[in-house]
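Trainee: So I've got this file, run33.tsv, and it contains TSV, C-alpha atoms:
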chain	number	residue	atom	x	y	z
A	1142	MET	CA	11.94	-3.69	-0.29
A	1143	SER	CA	11.14	-6.78	1.71
A	1144	SER	CA	12.27	-7.99	5.08
A	1145	SER	CA	14.03	-11.31	5.52
A	1146	ASN	CA	12.04	-14.30	6.72
A	1147	SER	CA	12.56	-16.02	10.05
A	1148	THR	CA	13.73	-19.62	9.75
A	1149	SER	CA	14.79	-20.50	13.32
A	1150	ASN	CA	12.58	-22.68	15.52
A	1151	THR	CA	10.28	-23.35	12.57
A	1152	PRO	CA	7.73	-26.18	13.10
A	1153	THR	CA	7.53	-29.00	10.58
A	1154	PHE	CA	6.09	-27.53	7.42
A	1155	ASN	CA	2.73	-28.93	6.33
A	1156	PRO	CA	1.64	-27.49	2.93
A	1157	ALA	CA	-2.05	-28.20	3.48
A	1158	ILE	CA	-2.11	-26.52	6.89
A	1159	ALA	CA	-0.08	-23.57	5.62
A	1160	HIS	CA	-2.39	-23.04	2.63
A	1161	LYS	CA	-5.50	-23.15	4.80
A	1162	ARG	CA	-4.01	-20.72	7.28
A	1163	LYS	CA	-2.92	-18.32	4.53
A	1164	GLU	CA	-6.43	-18.22	3.10
A	1165	LYS	CA	-7.88	-17.61	6.57
A	1166	ASP	CA	-5.47	-14.78	7.40
A	1167	VAL	CA	-5.87	-13.06	4.03
A	1168	MET	CA	-9.67	-13.22	4.35
A	1169	LYS	CA	-9.47	-11.76	7.86
A	1170	LEU	CA	-7.38	-8.88	6.53
A	1171	LEU	CA	-9.77	-8.31	3.61
A	1172	MET	CA	-12.67	-8.11	6.07
A	1173	SER	CA	-10.86	-5.58	8.27
A	1174	ASP	CA	-11.01	-1.80	7.90
A	1175	TYR	CA	-7.78	-1.72	5.90
A	1176	LYS	CA	-7.86	-1.17	2.16
A	1177	VAL	CA	-6.22	-4.22	0.57
A	1178	THR	CA	-5.31	-4.55	-3.11
A	1179	GLN	CA	-4.39	-8.06	-4.23
A	1180	SER	CA	-2.23	-8.88	-7.23
A	1181	LYS	CA	-4.24	-10.32	-10.12
A	1182	GLN	CA	-1.54	-12.92	-10.71
A	1183	GLU	CA	-0.72	-13.83	-7.10
A	1184	PRO	CA	-3.34	-13.70	-4.30
A	1185	TYR	CA	-0.64	-13.81	-1.62
A	1186	ASP	CA	1.07	-10.72	-3.02
A	1187	PHE	CA	-0.81	-7.55	-2.09
A	1188	THR	CA	-0.65	-4.00	-0.75
A	1189	VAL	CA	-2.31	-2.52	2.32
A	1190	GLU	CA	-3.00	1.15	3.04
A	1191	PHE	CA	-1.63	2.03	6.47
A	1192	ASP	CA	-2.14	5.32	8.34
A	1193	GLY	CA	0.45	6.71	10.72
A	1194	PRO	CA	-0.63	6.17	14.36
A	1195	LYS	CA	-2.12	9.04	16.35
A	1196	SER	CA	0.18	10.89	18.74
A	1197	SER	CA	3.19	9.97	16.60
A	1198	LEU	CA	5.33	12.07	14.27
A	1199	TYR	CA	3.76	10.06	11.45
A	1200	GLU	CA	0.16	11.03	12.23
A	1201	GLY	CA	-1.56	12.37	9.11
A	1202	GLY	CA	0.50	10.19	6.77
A	1203	ARG	CA	-0.70	7.25	4.72
A	1204	TRP	CA	1.59	4.56	3.33
A	1205	THR	CA	1.07	1.70	0.94
A	1206	VAL	CA	2.72	-1.36	2.47
A	1207	HIS	CA	3.67	-4.26	0.21
A	1208	VAL	CA	3.10	-7.72	1.69
A	1209	TRP	CA	4.18	-11.07	0.28
A	1210	LEU	CA	3.46	-14.41	1.94
A	1211	PRO	CA	6.04	-17.16	1.43
A	1212	GLN	CA	4.95	-20.73	0.78
A	1213	ALA	CA	5.65	-21.72	4.40
A	1214	TYR	CA	3.61	-18.89	5.96
A	1215	PRO	CA	2.64	-18.76	8.84
A	1216	PHE	CA	5.64	-20.84	9.88
A	1217	LYS	CA	7.82	-18.28	8.09
A	1218	SER	CA	7.22	-14.57	8.46
A	1219	PRO	CA	5.67	-12.45	5.71
A	1220	SER	CA	7.86	-10.03	3.78
A	1221	ILE	CA	6.77	-6.42	4.15
A	1222	GLY	CA	8.02	-3.07	2.89
A	1223	PHE	CA	6.86	0.52	2.47
A	1224	ASN	CA	6.11	1.49	-1.13
A	1225	ASN	CA	6.15	5.24	-0.60
A	1226	ARG	CA	9.06	6.84	1.24
A	1227	ILE	CA	9.18	7.09	5.01
A	1228	PHE	CA	11.94	8.68	7.11
A	1229	HIS	CA	12.48	6.29	10.03
A	1230	PRO	CA	15.60	4.80	11.67
A	1231	ASN	CA	14.39	1.22	11.13
A	1232	VAL	CA	13.16	1.54	7.53
A	1233	ASP	CA	15.40	1.78	4.49
A	1234	GLU	CA	14.28	5.03	2.86
A	1235	THR	CA	15.02	3.84	-0.68
A	1236	SER	CA	13.87	0.21	-0.70
A	1237	GLY	CA	11.22	0.42	2.04
A	1238	ALA	CA	12.65	-2.65	3.81
A	1239	VAL	CA	11.72	-2.89	7.49
A	1240	CYS	CA	13.98	-3.84	10.41
A	1241	LEU	CA	11.53	-5.20	12.97
A	1242	ASP	CA	12.40	-8.10	15.28
A	1243	VAL	CA	8.87	-9.48	15.45
A	1244	ILE	CA	8.93	-9.82	11.65
A	1245	ASN	CA	12.57	-10.72	11.08
A	1246	GLN	CA	13.56	-12.95	14.01
A	1247	ALA	CA	10.75	-13.35	16.53
A	1248	TRP	CA	7.87	-14.20	14.19
A	1249	SER	CA	5.48	-16.87	15.48
A	1250	PRO	CA	2.58	-18.73	13.80
A	1251	MET	CA	0.45	-17.29	16.61
A	1252	PHE	CA	0.62	-13.91	14.84
A	1253	ASP	CA	-1.51	-13.03	11.84
A	1254	LEU	CA	-1.59	-10.30	9.19
A	1255	VAL	CA	-3.95	-8.02	11.10
A	1256	ASN	CA	-1.48	-8.03	14.01
A	1257	ILE	CA	1.09	-6.43	11.70
A	1258	PHE	CA	-1.11	-3.43	10.94
A	1259	ASP	CA	-2.93	-3.18	14.27
A	1260	THR	CA	0.10	-3.56	16.51
A	1261	PHE	CA	3.55	-4.16	15.02
A	1262	LEU	CA	3.78	-1.29	12.52
A	1263	PRO	CA	2.13	1.25	14.86
A	1264	GLN	CA	4.67	0.32	17.56
A	1265	LEU	CA	7.48	0.67	15.02
A	1266	LEU	CA	6.41	4.23	14.19
A	1267	LEU	CA	5.67	5.17	17.80
A	1268	TYR	CA	8.90	3.77	19.23
A	1269	PRO	CA	11.79	3.83	16.71
A	1270	ASN	CA	15.00	2.04	17.70
A	1271	PRO	CA	18.00	4.11	16.55
A	1272	THR	CA	20.48	1.55	17.92
A	1273	ASP	CA	19.61	-0.94	15.15
A	1274	PRO	CA	19.18	1.29	12.11
A	1275	LEU	CA	18.47	0.72	8.45
A	1276	ASN	CA	18.57	4.48	7.94
A	1277	PRO	CA	21.76	5.74	9.66
A	1278	GLU	CA	20.92	9.38	8.94
A	1279	ALA	CA	17.55	9.11	10.70
A	1280	ALA	CA	19.15	7.26	13.62
A	1281	LEU	CA	21.88	9.88	14.04
A	1282	LEU	CA	19.43	12.76	13.93
A	1283	MET	CA	17.11	11.07	16.42
A	1284	ILE	CA	19.93	10.54	18.92
A	1285	LYS	CA	21.90	13.78	18.57
A	1286	PHE	CA	19.52	16.27	16.99
A	1287	PRO	CA	15.95	15.30	17.98
A	1288	LYS	CA	14.38	18.59	16.83
A	1289	LYS	CA	15.99	18.23	13.42
A	1290	TYR	CA	14.80	14.62	13.33
A	1291	GLU	CA	11.21	15.65	14.02
A	1292	GLU	CA	11.38	18.30	11.29
A	1293	LYS	CA	12.78	15.78	8.81
A	1294	VAL	CA	10.06	13.22	9.60
A	1295	LYS	CA	7.26	15.76	9.20
A	1296	GLU	CA	8.79	17.06	5.98
A	1297	SER	CA	8.91	13.50	4.60
A	1298	VAL	CA	5.31	12.81	5.64
A	1299	ASN	CA	4.09	15.99	3.93
A	1300	LYS	CA	6.05	15.23	0.78
A	1301	HIS	CA	5.46	11.50	0.36
A	1302	ALA	CA	2.51	10.38	2.49
A	1303	ARG	CA	0.16	13.23	3.36
A	1304	VAL	CA	-3.42	11.88	3.32
A	1305	ALA	CA	-4.95	15.07	1.93
A	1306	LYS	CA	-2.44	15.01	-0.93
A	1307	VAL	CA	-3.18	11.36	-1.72
A	1308	GLU	CA	-6.94	11.96	-1.70
A	1309	SER	CA	-6.48	15.09	-3.82
A	1310	LEU	CA	-4.55	13.12	-6.44
A	1311	ILE	CA	-7.28	10.48	-6.50
A	1312	GLU	CA	-9.95	13.18	-6.95
A	1313	ILE	CA	-7.96	14.83	-9.76
A	1314	GLU	CA	-7.58	11.49	-11.53
A	1315	LYS	CA	-11.33	10.86	-11.15
A	1316	GLU	CA	-12.16	14.29	-12.60
A	1317	GLU	CA	-9.80	13.72	-15.52
A	1318	ASN	CA	-11.40	10.34	-16.23
A	1319	ASP	CA	-14.87	11.93	-16.07
A	1320	GLU	CA	-13.78	14.60	-18.54
A	1321	ILE	CA	-12.43	11.95	-20.91
A	1322	ASP	CA	-15.67	9.99	-20.64
A	1323	GLU	CA	-17.67	13.14	-21.35
A	1324	GLU	CA	-15.54	14.02	-24.39
A	1325	GLU	CA	-15.91	10.49	-25.73
A	1326	ALA	CA	-19.68	10.68	-25.23
A	1327	ILE	CA	-19.82	13.98	-27.16
A	1328	GLU	CA	-17.79	12.50	-30.00
A	1329	ASP	CA	-20.06	9.43	-30.08
A	1330	GLU	CA	-23.10	11.73	-30.22
A	1331	LYS	CA	-21.57	13.70	-33.11
A	1332	VAL	CA	-20.94	10.49	-35.03
A	1333	SER	CA	-24.48	9.33	-34.31
A	1334	MET	CA	-26.03	12.63	-35.43
A	1335	SER	CA	-23.87	12.61	-38.56
A	1336	GLY	CA	-25.23	9.19	-39.43
A	1337	VAL	CA	-28.81	10.36	-38.90
A	1338	SER	CA	-28.17	13.38	-41.12
A	1339	GLU	CA	-26.79	11.22	-43.92
A	1340	LEU	CA	-29.80	8.91	-43.73
A	1341	SER	CA	-32.10	11.94	-43.89
A	1342	ASP	CA	-30.37	13.27	-47.02
A	1343	THR	CA	-30.64	9.86	-48.67
A	1344	SER	CA	-34.36	9.71	-47.91
A	1345	ASN	CA	-34.92	13.12	-49.53
A	1346	ILE	CA	-33.12	12.01	-52.68
A	1347	GLU	CA	-35.22	8.88	-52.94
A	1348	ILE	CA	-38.45	10.90	-52.57
A	1349	MET	CA	-37.37	13.40	-55.23
A	1350	GLU	CA	-36.61	10.58	-57.63
Before anything else, please render the file you have as structure tokens.

Mentor:
Amino acid sequence: MSSSNSTSNTPTFNPAIAHKRKEKDVMKLLMSDYKVTQSKQEPYDFTVEFDGPKSSLYEGGRWTVHVWLPQAYPFKSPSIGFNNRIFHPNVDETSGAVCLDVINQAWSPMFDLVNIFDTFLPQLLLYPNPTDPLNPEAALLMIKFPKKYEEKVKESVNKHARVAKVESLIEIEKEENDEIDEEEAIEDEKVSMSGVSELSDTSNIEIME
């Protein structure tokens, strides 16, 4: 699910500098408009919600992108991959691995995490490269049957990444949790009232005695 890390032309690795830079870049991403969910065990392992760019076939879709920062980041590129399916010539549909030069070969410490979501991934979805595919089916359709390719992309977006569907599922889960909380509250109230009733019966017995 993850892309390979660039190792060529890598500056001398300095752990202290790398750690400081990682903290800075993660904080910048957390303060952006993207929804970021960090792993409880590993702060440099997280997911980011990413919306398909406007005026692209992927507009209206929302993907959860997994990001992992290696120890040598930013001197080595982050590993990224799509968690939910996306039909794209340069993304493996099963694993979510991404074939993107700026991540795989041309990564530079000048880039940061926000660049990935503001620029690199939008460009990937706006301008697929079928000549260097990770999904041969998508590449073939894009080159020889563009209408069929567009239909397939839109079908995949509707099935796996439609924003309205994602928000609907969240709302359903919230309603179900509210119902469970309400049922538990009713049961707690029944138990409480039962206890009051028992105490009342006991008081009557004591008075009669």

Trainee: Give me, as a compact mmCIF listing (two decimals) with C-alpha atoms, in the coordinates of the input, all polymer residues having an atom no more than 8 Å from stretch 1276-1282 of chain A, counting all atoms listed in the file and skipping those fewer than 5 positions away in the same chain.

Mentor:
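File produced: result-v4.txt:
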# COMPACT_ATOMS: atom_id res chain seq x y z
CA PHE A 1228 11.94 8.68 7.11
CA HIS A 1229 12.48 6.29 10.03
CA PRO A 1230 15.60 4.80 11.67
CA ASN A 1231 14.39 1.22 11.13
CA VAL A 1232 13.16 1.54 7.53
CA ASP A 1233 15.40 1.78 4.49
CA GLU A 1234 14.28 5.03 2.86
CA ASN A 1270 15.00 2.04 17.70
CA PRO A 1271 18.00 4.11 16.55
CA PRO A 1287 15.95 15.30 17.98
CA LYS A 1289 15.99 18.23 13.42
CA TYR A 1290 14.80 14.62 13.33

Trainee: Using all atoms listed in the file, find the one residue out of A:Asp1273, A:Ala1213, A:Arg1226, A:Gly1193 that sits nearest to A:Thr1260.

Mentor: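 Under the stated criterion, the closest residue is A:Gly1193.
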
Trainee: Just want the 10 Å neighbourhood of A:Asp1259, counted on all atoms listed in the file, with same-chain residues fewer than 6 positions away dropped. Output as a list in words.

Mentor: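 Skipping anything fewer than 6 positions along the chain leaves Tyr1175, Phe1191 and Pro1194 of chain A.
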
Trainee: Could you tell me which of A:Leu1198, A:Ile1284, A:Pro1184, A:Val1167 comes closest to A:Leu1265 if we count all atoms listed in the file?

Mentor: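 Result for the nearest residue to A:Leu1265: A:Leu1198.
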
Trainee: With all atoms listed in the file as the basis for distance, which of A:Val1255, A:Leu1275, A:Ile1227, A:Lys1169 is at the shortest distance from A:Tyr1199?

Mentor: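 Result for the nearest residue to A:Tyr1199: A:Ile1227.
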
Trainee: Take atom CA of A:Glu1183 and atom CA of A:Phe1216 and report the distance between them in Å, one decimal.

Mentor: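 We find that atom CA of A:Glu1183 and atom CA of A:Phe1216 lie 19.4 Å from each other.
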